[in-house]
>>> print(open('run.csv').read())   # CSV, C-alpha atoms
chain,number,residue,atom,x,y,z
A,1,MET,CA,0.0,0.0,0.0
A,2,ASP,CA,1.4,3.4,-0.9
A,3,ALA,CA,1.5,5.7,2.1
A,4,PHE,CA,1.7,8.8,0.0
A,5,ALA,CA,-1.3,8.0,-2.2
A,6,THR,CA,-3.6,8.1,0.9
A,7,LEU,CA,-2.1,11.2,2.6
A,8,PRO,CA,-4.8,13.9,2.9
A,9,ALA,CA,-4.3,17.4,1.7
A,10,ALA,CA,-5.2,18.9,5.1
A,11,THR,CA,-3.2,18.2,8.2
A,12,ALA,CA,-6.1,16.5,10.0
A,13,GLY,CA,-6.1,12.7,10.1
A,14,PHE,CA,-2.6,11.7,9.1
A,15,LEU,CA,-3.0,8.1,10.3
A,16,LEU,CA,-2.7,5.5,7.7
A,17,PRO,CA,-4.6,2.3,8.2
A,18,GLY,CA,-2.6,-0.9,8.1
A,19,ALA,CA,0.8,0.5,8.7
A,20,THR,CA,3.3,-2.3,8.5
A,21,ALA,CA,5.4,-3.0,11.6
A,22,LEU,CA,9.1,-3.4,11.2
A,23,PRO,CA,11.0,-6.1,13.0
A,24,GLU,CA,13.6,-3.8,14.5
A,25,SER,CA,13.5,-3.0,18.2
A,26,THR,CA,11.8,0.2,19.3
A,27,SER,CA,15.0,1.6,20.7
A,28,THR,CA,16.7,1.2,17.3
A,29,ASP,CA,13.7,2.8,15.7
A,30,THR,CA,13.8,5.7,18.1
A,31,ARG,CA,17.5,6.2,17.5
A,32,ALA,CA,17.0,6.1,13.7
A,33,LEU,CA,14.1,8.6,14.0
A,34,ASP,CA,16.2,10.9,16.2
A,35,GLN,CA,19.0,10.8,13.6
A,36,PHE,CA,16.6,11.4,10.8
A,37,LEU,CA,14.8,14.3,12.5
A,38,ALA,CA,18.2,15.8,13.6
A,39,SER,CA,19.3,15.7,10.0
A,40,VAL,CA,16.3,17.5,8.6
A,41,GLU,CA,15.2,19.8,11.3
A,42,ARG,CA,17.3,22.9,10.3
A,43,LYS,CA,16.4,22.6,6.6
A,44,ALA,CA,12.8,22.0,7.5
A,45,PHE,CA,12.8,25.1,9.7
A,46,ARG,CA,14.3,27.2,6.9
A,47,ILE,CA,11.8,25.9,4.4
A,48,ALA,CA,8.9,26.7,6.8
A,49,GLN,CA,10.5,30.1,7.6
A,50,ILE,CA,10.7,31.1,3.9
A,51,ALA,CA,7.1,30.1,3.3
A,52,LEU,CA,5.7,31.6,6.5
A,53,ARG,CA,8.1,34.6,6.9
A,54,HIS,CA,7.8,34.1,10.6
A,55,GLU,CA,10.2,32.3,12.9
A,56,ASP,CA,7.8,31.2,15.6
A,57,ASP,CA,5.3,29.9,13.1
A,58,ALA,CA,8.1,28.1,11.3
A,59,LEU,CA,9.2,26.4,14.5
A,60,ASP,CA,5.6,25.4,15.3
A,61,ALA,CA,5.2,23.9,11.8
A,62,VAL,CA,8.4,21.9,12.2
A,63,GLN,CA,7.4,20.7,15.7
A,64,ASP,CA,4.0,19.7,14.5
A,65,ALA,CA,5.4,17.8,11.5
A,66,MET,CA,7.9,16.0,13.8
A,67,LEU,CA,5.1,15.0,16.2
A,68,ARG,CA,2.9,13.7,13.4
A,69,LEU,CA,5.6,11.8,11.7
A,70,VAL,CA,6.6,10.0,14.9
A,71,ARG,CA,3.0,9.4,16.0
A,72,SER,CA,1.8,8.0,12.7
A,73,TYR,CA,4.7,6.9,10.5
A,74,ALA,CA,7.5,5.8,12.8
A,75,ARG,CA,7.0,2.2,11.7
A,76,ARG,CA,7.3,3.0,8.0
A,77,PRO,CA,10.5,2.0,6.2
A,78,GLN,CA,13.2,4.7,6.8
A,79,GLU,CA,13.5,5.5,3.1
A,80,GLU,CA,9.9,6.7,3.2
A,81,TRP,CA,10.5,9.2,6.0
A,82,PRO,CA,11.9,12.2,4.0
A,83,PRO,CA,9.1,12.5,1.5
A,84,LEU,CA,6.5,11.8,4.2
A,85,PHE,CA,8.0,14.3,6.6
A,86,TYR,CA,8.1,17.1,3.9
A,87,ARG,CA,4.6,16.3,2.9
A,88,ILE,CA,3.4,16.6,6.4
A,89,LEU,CA,5.5,19.8,6.8
A,90,GLU,CA,3.9,21.4,3.8
A,91,ASN,CA,0.4,20.6,5.1
A,92,CYS,CA,1.4,22.1,8.5
A,93,ILE,CA,2.6,25.2,6.7
A,94,ARG,CA,-0.6,25.5,4.7
A,95,ASP,CA,-2.6,25.1,7.9
A,96,LEU,CA,-0.7,27.9,9.6
A,97,GLN,CA,-1.1,30.1,6.6
A,98,ARG,CA,-4.9,29.5,6.6
A,99,ARG,CA,-5.1,30.1,10.4
A,100,ARG,CA,-3.0,33.3,10.0
A,101,ALA,CA,-5.3,34.6,7.3
A,102,VAL,CA,-8.4,33.9,9.5
A,103,ARG,CA,-6.7,35.6,12.5
A,104,ALA,CA,-5.8,38.6,10.4
A,105,ARG,CA,-9.4,39.0,9.2
A,106,VAL,CA,-10.7,38.7,12.8
A,107,MET,CA,-8.1,41.0,14.2
A,108,ALA,CA,-8.9,43.7,11.6
A,109,TRP,CA,-12.2,44.1,13.4
A,110,ILE,CA,-10.6,44.5,16.9
A,111,PRO,CA,-9.1,48.0,17.2
A,112,TRP,CA,-6.9,47.3,20.3
A,113,SER,CA,-5.3,44.1,18.9
A,114,ALA,CA,-2.5,45.8,17.0
A,115,GLN,CA,-1.3,47.6,20.2
A,116,GLU,CA,-1.3,44.4,22.2
A,117,GLU,CA,0.7,42.5,19.6
A,118,GLY,CA,3.4,45.1,19.6
A,119,ALA,CA,3.7,45.1,23.4
A,120,ALA,CA,5.3,41.6,23.7
A,121,ALA,CA,8.7,41.6,25.6
A,122,PRO,CA,11.7,40.5,23.5
A,123,ASP,CA,13.0,37.0,24.2
A,124,PRO,CA,16.5,37.3,25.9
A,125,LEU,CA,17.7,34.2,23.9
A,126,GLU,CA,17.0,36.2,20.7
A,127,GLN,CA,19.5,38.8,21.9
A,128,LEU,CA,22.3,36.2,21.9
A,129,PRO,CA,24.9,36.8,19.1
A,130,ASP,CA,24.6,34.3,16.3
A,131,PRO,CA,27.7,32.3,15.4
A,132,ALA,CA,27.9,34.1,12.0
A,133,PRO,CA,31.3,34.8,10.5
A,134,GLY,CA,30.6,38.5,10.6
A,135,PRO,CA,33.1,40.0,8.1
A,136,VAL,CA,31.8,42.8,5.9
A,137,ALA,CA,32.4,40.5,2.9
A,138,LEU,CA,29.4,38.5,4.0
A,139,VAL,CA,27.1,41.4,3.6
A,140,GLN,CA,26.7,40.8,-0.1
A,141,THR,CA,26.0,37.1,0.5
A,142,ASP,CA,23.4,38.1,3.1
A,143,GLU,CA,21.7,40.4,0.6
A,144,THR,CA,21.6,37.8,-2.0
A,145,LEU,CA,20.2,35.3,0.5
A,146,ARG,CA,17.5,37.8,1.5
A,147,ALA,CA,16.6,38.5,-2.1
A,148,LEU,CA,16.4,34.8,-2.8
A,149,GLU,CA,14.2,34.2,0.2
A,150,ALA,CA,11.9,37.1,-0.9
A,151,GLN,CA,11.6,35.7,-4.4
A,152,LEU,CA,11.0,32.2,-3.1
A,153,ALA,CA,8.2,33.5,-0.8
A,154,ALA,CA,6.6,35.2,-3.8
A,155,LEU,CA,6.6,32.0,-5.8
A,156,PRO,CA,3.4,29.9,-6.1
A,157,ALA,CA,3.4,27.3,-3.3
A,158,ARG,CA,3.9,24.3,-5.6
A,159,GLN,CA,6.8,25.9,-7.4
A,160,ARG,CA,8.5,26.9,-4.2
A,161,GLN,CA,8.0,23.4,-2.8
A,162,ALA,CA,9.4,21.8,-5.9
A,163,PHE,CA,12.4,24.1,-5.9
A,164,LEU,CA,13.3,23.7,-2.2
A,165,LEU,CA,12.8,20.0,-2.1
A,166,ARG,CA,15.0,19.5,-5.2
A,167,ILE,CA,17.6,22.1,-4.5
A,168,PHE,CA,17.8,22.4,-0.7
A,169,GLU,CA,16.7,19.0,0.6
A,170,GLY,CA,18.2,17.2,-2.4
A,171,LEU,CA,15.3,14.9,-3.0
A,172,ASP,CA,15.2,13.3,-6.5
A,173,VAL,CA,12.3,13.8,-8.8
A,174,ALA,CA,10.5,10.6,-7.6
A,175,ALA,CA,10.8,11.4,-3.9
A,176,THR,CA,9.8,15.0,-4.6
A,177,ALA,CA,6.7,13.8,-6.4
A,178,ARG,CA,5.8,11.6,-3.5
A,179,ALA,CA,6.3,14.5,-1.1
A,180,MET,CA,4.2,16.8,-3.2
A,181,GLY,CA,1.5,14.2,-4.0
A,182,CYS,CA,1.8,14.7,-7.8
A,183,SER,CA,3.5,13.1,-10.8
A,184,ALA,CA,7.1,13.4,-11.7
A,185,GLY,CA,6.2,15.4,-14.7
A,186,SER,CA,4.4,18.0,-12.6
A,187,VAL,CA,7.5,18.2,-10.3
A,188,LYS,CA,9.7,18.9,-13.4
A,189,THR,CA,7.3,21.6,-14.6
A,190,HIS,CA,7.0,23.3,-11.2
A,191,TYR,CA,10.8,23.2,-10.7
A,192,PHE,CA,11.5,24.5,-14.2
A,193,ARG,CA,9.0,27.4,-13.8
A,194,ALA,CA,10.5,28.3,-10.4
A,195,VAL,CA,14.0,28.4,-11.8
A,196,GLN,CA,13.0,30.5,-14.7
A,197,THR,CA,11.2,33.0,-12.4
A,198,LEU,CA,14.0,33.2,-9.9
A,199,ARG,CA,16.6,33.6,-12.6
A,200,SER,CA,14.9,36.5,-14.1
A,201,ALA,CA,14.2,38.1,-10.7
A,202,LEU,CA,17.6,37.6,-9.2
A,203,GLY,CA,19.8,38.3,-12.2
A,204,GLU,CA,21.4,41.3,-10.7
A,205,PHE,CA,22.4,39.4,-7.5
A,206,TRP,CA,23.7,36.5,-9.4
A,207,SER,CA,26.1,38.4,-11.7
B,1,MET,CA,12.8,20.7,-22.1
B,2,THR,CA,11.5,21.2,-18.6
B,3,ASP,CA,14.0,18.8,-17.0
B,4,ILE,CA,16.8,20.8,-15.3
B,5,ASP,CA,19.4,18.9,-13.4
B,6,PRO,CA,20.2,20.8,-10.1
B,7,GLU,CA,23.7,19.2,-10.0
B,8,LYS,CA,24.6,20.6,-13.4
B,9,ASP,CA,22.8,24.0,-13.2
B,10,GLU,CA,25.0,26.9,-12.0
B,11,PHE,CA,22.0,28.8,-10.7
B,12,ALA,CA,20.8,25.8,-8.7
B,13,ARG,CA,24.2,25.2,-7.2
B,14,ARG,CA,24.5,28.8,-6.0
B,15,ALA,CA,21.1,28.8,-4.6
B,16,ARG,CA,21.8,25.6,-2.7
B,17,ALA,CA,25.1,27.0,-1.3
B,18,LEU,CA,23.3,30.1,-0.1
B,19,LEU,CA,20.5,28.1,1.6
B,20,GLU,CA,22.8,25.6,3.2
B,21,GLY,CA,25.0,28.4,4.5
B,22,SER,CA,22.0,30.0,6.1
B,23,ILE,CA,21.3,27.0,8.3
B,24,GLU,CA,24.7,27.2,9.8
B,25,HIS,CA,23.9,30.6,11.2
B,26,LEU,CA,20.6,29.8,13.0
B,27,SER,CA,20.2,31.5,16.4
B,28,ALA,CA,20.9,29.6,19.6
B,29,ARG,CA,17.2,30.0,20.5
B,30,THR,CA,16.1,28.4,17.2
B,31,ARG,CA,18.5,25.5,17.5
B,32,SER,CA,17.4,24.9,21.1
B,33,ARG,CA,13.8,25.0,20.2
B,34,LEU,CA,14.3,22.6,17.3
B,35,THR,CA,16.1,20.2,19.6
B,36,ARG,CA,13.3,20.4,22.2
B,37,ALA,CA,10.7,19.8,19.5
B,38,ARG,CA,12.6,16.7,18.3
B,39,HIS,CA,12.8,15.3,21.9
B,40,ALA,CA,9.1,16.1,22.5
B,41,ALA,CA,8.2,14.2,19.3
B,42,LEU,CA,10.3,11.2,20.3
B,43,GLU,CA,8.9,11.2,23.8
B,44,GLN,CA,5.5,10.3,22.6
B,45,ARG,CA,6.8,6.8,21.7
B,46,GLY,CA,5.0,5.7,24.9
B,47,PRO,CA,4.0,2.4,26.5
B,48,LEU,CA,2.1,1.1,23.5
B,49,ALA,CA,5.0,1.7,21.2
B,50,ARG,CA,7.4,0.1,23.7
B,51,LEU,CA,5.4,-3.1,23.3
B,52,GLY,CA,7.3,-3.6,20.1
B,53,GLY,CA,6.2,-3.4,16.6
B,54,ALA,CA,4.9,-7.0,16.1
B,55,GLY,CA,3.5,-7.3,19.6
B,56,TYR,CA,1.6,-4.0,19.3
B,57,ALA,CA,0.3,-4.9,15.9
B,58,ALA,CA,-0.9,-8.3,17.1
B,59,TRP,CA,-2.6,-6.7,20.1
B,60,ARG,CA,-4.3,-4.3,17.8
B,61,ASN,CA,-5.5,-7.2,15.6
B,62,TRP,CA,-7.1,-9.0,18.5
B,63,LEU,CA,-9.0,-5.9,19.7
B,64,PRO,CA,-12.2,-6.4,17.6
B,65,ALA,CA,-12.3,-10.1,18.5
B,66,GLY,CA,-12.0,-9.2,22.2
B,67,ALA,CA,-14.8,-6.7,21.9
B,68,VAL,CA,-17.1,-9.2,20.3
B,69,ALA,CA,-16.3,-11.8,23.0
B,70,GLY,CA,-17.0,-9.3,25.7
B,71,ALA,CA,-20.4,-8.3,24.2
B,72,LEU,CA,-21.4,-12.0,24.0
B,73,LEU,CA,-20.3,-12.6,27.6
B,74,ALA,CA,-22.4,-9.6,28.7
B,75,VAL,CA,-25.5,-11.0,26.8
B,76,LEU,CA,-25.0,-14.4,28.4
B,77,LEU,CA,-24.7,-12.9,31.9
B,78,LEU,CA,-27.8,-10.8,31.4
B,79,ALA,CA,-29.8,-13.8,30.1
B,80,GLY,CA,-28.6,-15.9,33.1
B,81,ARG,CA,-29.8,-13.4,35.6
B,82,MET,CA,-33.4,-13.3,34.2
B,83,PRO,CA,-35.7,-16.0,35.8
B,84,ALA,CA,-37.1,-18.8,33.6
B,85,PRO,CA,-40.9,-18.5,32.5
B,86,GLU,CA,-42.0,-21.5,34.6
B,87,LEU,CA,-40.4,-20.1,37.7
B,88,GLN,CA,-42.2,-16.8,37.1
B,89,GLN,CA,-45.6,-18.7,36.9
B,90,SER,CA,-45.0,-20.6,40.1
B,91,SER,CA,-44.1,-17.6,42.0
B,92,VAL,CA,-47.3,-15.8,40.7
B,93,ALA,CA,-49.3,-18.9,41.7
B,94,GLY,CA,-47.7,-18.9,45.2
B,95,GLY,CA,-48.7,-15.3,45.6
B,96,GLU,CA,-52.3,-16.1,44.7
B,97,ASP,CA,-52.4,-19.0,47.3
B,98,LEU,CA,-51.4,-16.6,50.0
B,99,GLU,CA,-54.2,-14.2,49.0
B,100,LEU,CA,-56.7,-17.0,49.0
B,101,LEU,CA,-55.8,-18.0,52.5
B,102,ALA,CA,-56.0,-14.5,53.7
B,103,ASP,CA,-59.4,-13.8,52.2
B,104,ARG,CA,-62.2,-16.2,53.2
B,105,ASP,CA,-64.6,-15.2,50.4
B,106,ALA,CA,-61.9,-15.8,47.9
B,107,LEU,CA,-61.3,-19.3,49.4
B,108,ALA,CA,-65.0,-20.1,49.0
B,109,MET,CA,-64.9,-18.9,45.5
B,110,ALA,CA,-61.9,-21.0,44.8
B,111,GLN,CA,-63.6,-24.0,46.2
B,112,ASP,CA,-66.7,-23.4,44.1
B,113,GLN,CA,-64.4,-23.1,41.1
B,114,ALA,CA,-62.8,-26.4,42.0
B,115,VAL,CA,-66.2,-28.0,42.1
B,116,GLN,CA,-67.0,-26.6,38.7
B,117,ASP,CA,-63.7,-27.8,37.4
B,118,GLY,CA,-64.5,-31.3,38.6
B,119,GLU,CA,-61.8,-31.3,41.3
B,120,VAL,CA,-64.3,-32.4,44.0
B,121,ASP,CA,-63.0,-34.1,47.1
B,122,TYR,CA,-65.3,-37.0,47.5
B,123,GLU,CA,-63.5,-38.3,50.5
B,124,PHE,CA,-64.5,-35.0,52.3
B,125,TYR,CA,-68.2,-35.5,51.6
B,126,ASP,CA,-68.0,-39.1,52.8
B,127,TRP,CA,-66.4,-38.0,56.0
B,128,ALA,CA,-69.0,-35.2,56.4
B,129,VAL,CA,-71.9,-37.6,55.9
B,130,ASN,CA,-70.4,-40.1,58.4
B,131,THR,CA,-69.8,-37.4,61.0
B,132,GLU,CA,-73.3,-36.1,60.6
B,133,GLN,CA,-74.8,-39.6,61.1
B,134,ASP,CA,-72.5,-40.2,64.1
B,135,THR,CA,-73.4,-36.9,65.8
B,136,GLY,CA,-77.0,-36.8,64.7
B,137,GLY,CA,-76.7,-33.2,63.8
B,138,GLY,CA,-75.6,-30.9,61.1
B,139,LEU,CA,-72.0,-30.5,60.3
B,140,GLY,CA,-70.5,-27.7,62.3
B,141,SER,CA,-73.5,-27.1,64.3
>>> encode(input="run.csv", output="structure tokens")
Amino acid sequence: MDAFATLPAATAGFLLPGATALPESTSTDTRALDQFLASVERKAFRIAQIALRHEDDALDAVQDAMLRLVRSYARRPQEEWPPLFYRILENCIRDLQRRRAVRARVMAWIPWSAQEEGAAAPDPLEQLPDPAPGPVALVQTDETLRALEAQLAALPARQRQAFLLRIFEGLDVAATARAMGCSAGSVKTHYFRAVQTLRSALGEFWS
Amino acid sequence: MTDIDPEKDEFARRARALLEGSIEHLSARTRSRLTRARHAALEQRGPLARLGGAGYAAWRNWLPAGAVAGALLAVLLLAGRMPAPELQQSSVAGGEDLELLADRDALAMAQDQAVQDGEVDYEFYDWAVNTEQDTGGGLGS
């Protein structure tokens, strides 16, 4: 049974019936899951951050995706975890985007909501210096990265997803297709269009 | 025409280098929260998961059978607690006997009914006639 064929578009109800159990011990599974999640968590966070343009929402999306993967798909073969995880993550991102749109519509009717949102105290951990190299030479790289992120955020969701899964996560066309729930041909089309759009938009930064 | 190999495309290589460089510079807070999220996700592998893959699956497979067996047992227990029809009748009859003994009119009516039904105690009448002849008077007088 193909796990990806039955994954719903929404985040509700991720459990697949008849998940096959693996003979490995649970401790081995847990260690493998830990290694897998540790290997993808930062990239997943960046993918969510680019899509949501919000650090806390991105962290929530990644945490939710991790919880759902462990809860429902831990017994799946390990080679299925990357596409499953990114599919769940994309659903979480979409959920957060929908929730945010609803919240924005509701908050627009409440006059004092904007003042309260701005009154939150800064997190002291956020004030810690990042382990960035720091030389002035990196400014240009930083600008290029910001421009790339802005253009990626402006892409249609499917194009952005195809580009990031292929380029950033390094999934092949078949795995990307499973993660996106579409055909390999669609992945190629989305990816091609994304590259074309980004190339024309980022020409000045790339020269 | 639409197939671009990310490994051979210069644009793709540069984009990958930029994005991969960015994850090296995540803040301490972000890295800490990601680690905590991972641990929280793995902690939910609770007692059921610790039963082991095959054991847990087998337990889950037997769950419907257990539910059916439990329902059958409940039905049998309920049926066993209900009294049989014949016992119900005898207990009703016993109640009627008590009422008859307590009510003299009812006893007389029951005797009349017994006569009508042909359940006449001829030995009683023999005894009554003999007693009357012996005493020379009416019965009970």
>>> residues_around(input="run.csv", residues="B:Asp5", least_positions_apart="5", cutoff="12 Å", atoms="all atoms listed in the file", output="list in words")
Phe163, Arg166, Ile167, Gly170, Leu171, Asp172, Val173, Lys188, Tyr191, Phe192 and Val195 of chain A; Glu10, Phe11, Ala12 and Arg13 of chain B
>>> atom_distance(input="run.csv", atom1="atom CA of A:Leu202", atom2="atom CA of A:Glu90")
24.9 Å
>>> closest_residue(input="run.csv", among="B:Leu78, B:Arg29, B:Glu7, B:Glu132", to="chain A", atoms="only C-alpha atoms")
B:Arg29
>>> closest_residue(input="run.csv", among="A:Arg98, A:Thr30, A:Ala201, A:Gln63", to="A:Ala150", atoms="all atoms listed in the file")
A:Ala201
>>> atom_distance(input="run.csv", atom1="atom CA of A:Thr197", atom2="atom CA of B:Ile4")
13.7 Å
>>> closest_residue(input="run.csv", among="B:Arg81, B:Ala65, B:Ser22, B:Lys8", to="chain A", atoms="all atoms listed in the file")
B:Ser22
>>> atom_distance(input="run.csv", atom1="atom CA of A:Met107", atom2="atom CA of A:Arg53")
18.9 Å
>>> residues_near_point(input="run.csv", point="(0.6, 10.6, 20.9)", cutoff="8 Å", atoms="all atoms listed in the file", output="list in words")
Leu67 and Arg71 of chain A; Gln44, Arg45 and Gly46 of chain B
>>> residues_around(input="run.csv", residues="A:Phe36", least_positions_apart="6", cutoff="9 Å", atoms="all atoms listed in the file", output="list in words")
Gln78, Trp81 and Pro82 of chain A
>>> residues_around(input="run.csv", residues="A:Ala153", least_positions_apart="3", cutoff="9 Å", atoms="all atoms listed in the file", output="PyMOL selection string")
chain A and resi 50-53+148-150+156-157+160
>>> write_last_selection(input="run.csv", atoms="C-alpha atoms", output="compact mmCIF listing (two decimals), in the coordinates of the input")
# COMPACT_ATOMS: atom_id res chain seq x y z
CA ILE A 50 10.70 31.10 3.90
CA ALA A 51 7.10 30.10 3.30
CA LEU A 52 5.70 31.60 6.50
CA ARG A 53 8.10 34.60 6.90
CA LEU A 148 16.40 34.80 -2.80
CA GLU A 149 14.20 34.20 0.20
CA ALA A 150 11.90 37.10 -0.90
CA PRO A 156 3.40 29.90 -6.10
CA ALA A 157 3.40 27.30 -3.30
CA ARG A 160 8.50 26.90 -4.20
>>> closest_residue(input="run.csv", among="A:Arg94, A:Arg75, A:Arg99, A:His54", to="chain B", atoms="all atoms listed in the file")
A:Arg75
>>> closest_residue(input="run.csv", among="A:Ser183, A:Thr144, A:Gln151, A:Gln97", to="chain B", atoms="all atoms listed in the file")
A:Thr144
>>> closest_residue(input="run.csv", among="A:Thr189, A:Thr28, A:Ser200, A:Thr176", to="chain B", atoms="all atoms listed in the file")
A:Thr189
>>> residues_around(input="run.csv", residues="B:Leu34", least_positions_apart="2", cutoff="10 Å", atoms="only C-alpha atoms", output="list in words")
Leu37, Ala38, Glu41, Arg42, Ala44, Phe45, Leu59, Asp60, Val62, Gln63 and Met66 of chain A; Ala28, Arg29, Thr30, Arg31, Ser32, Arg36, Ala37, Arg38, His39 and Ala40 of chain B
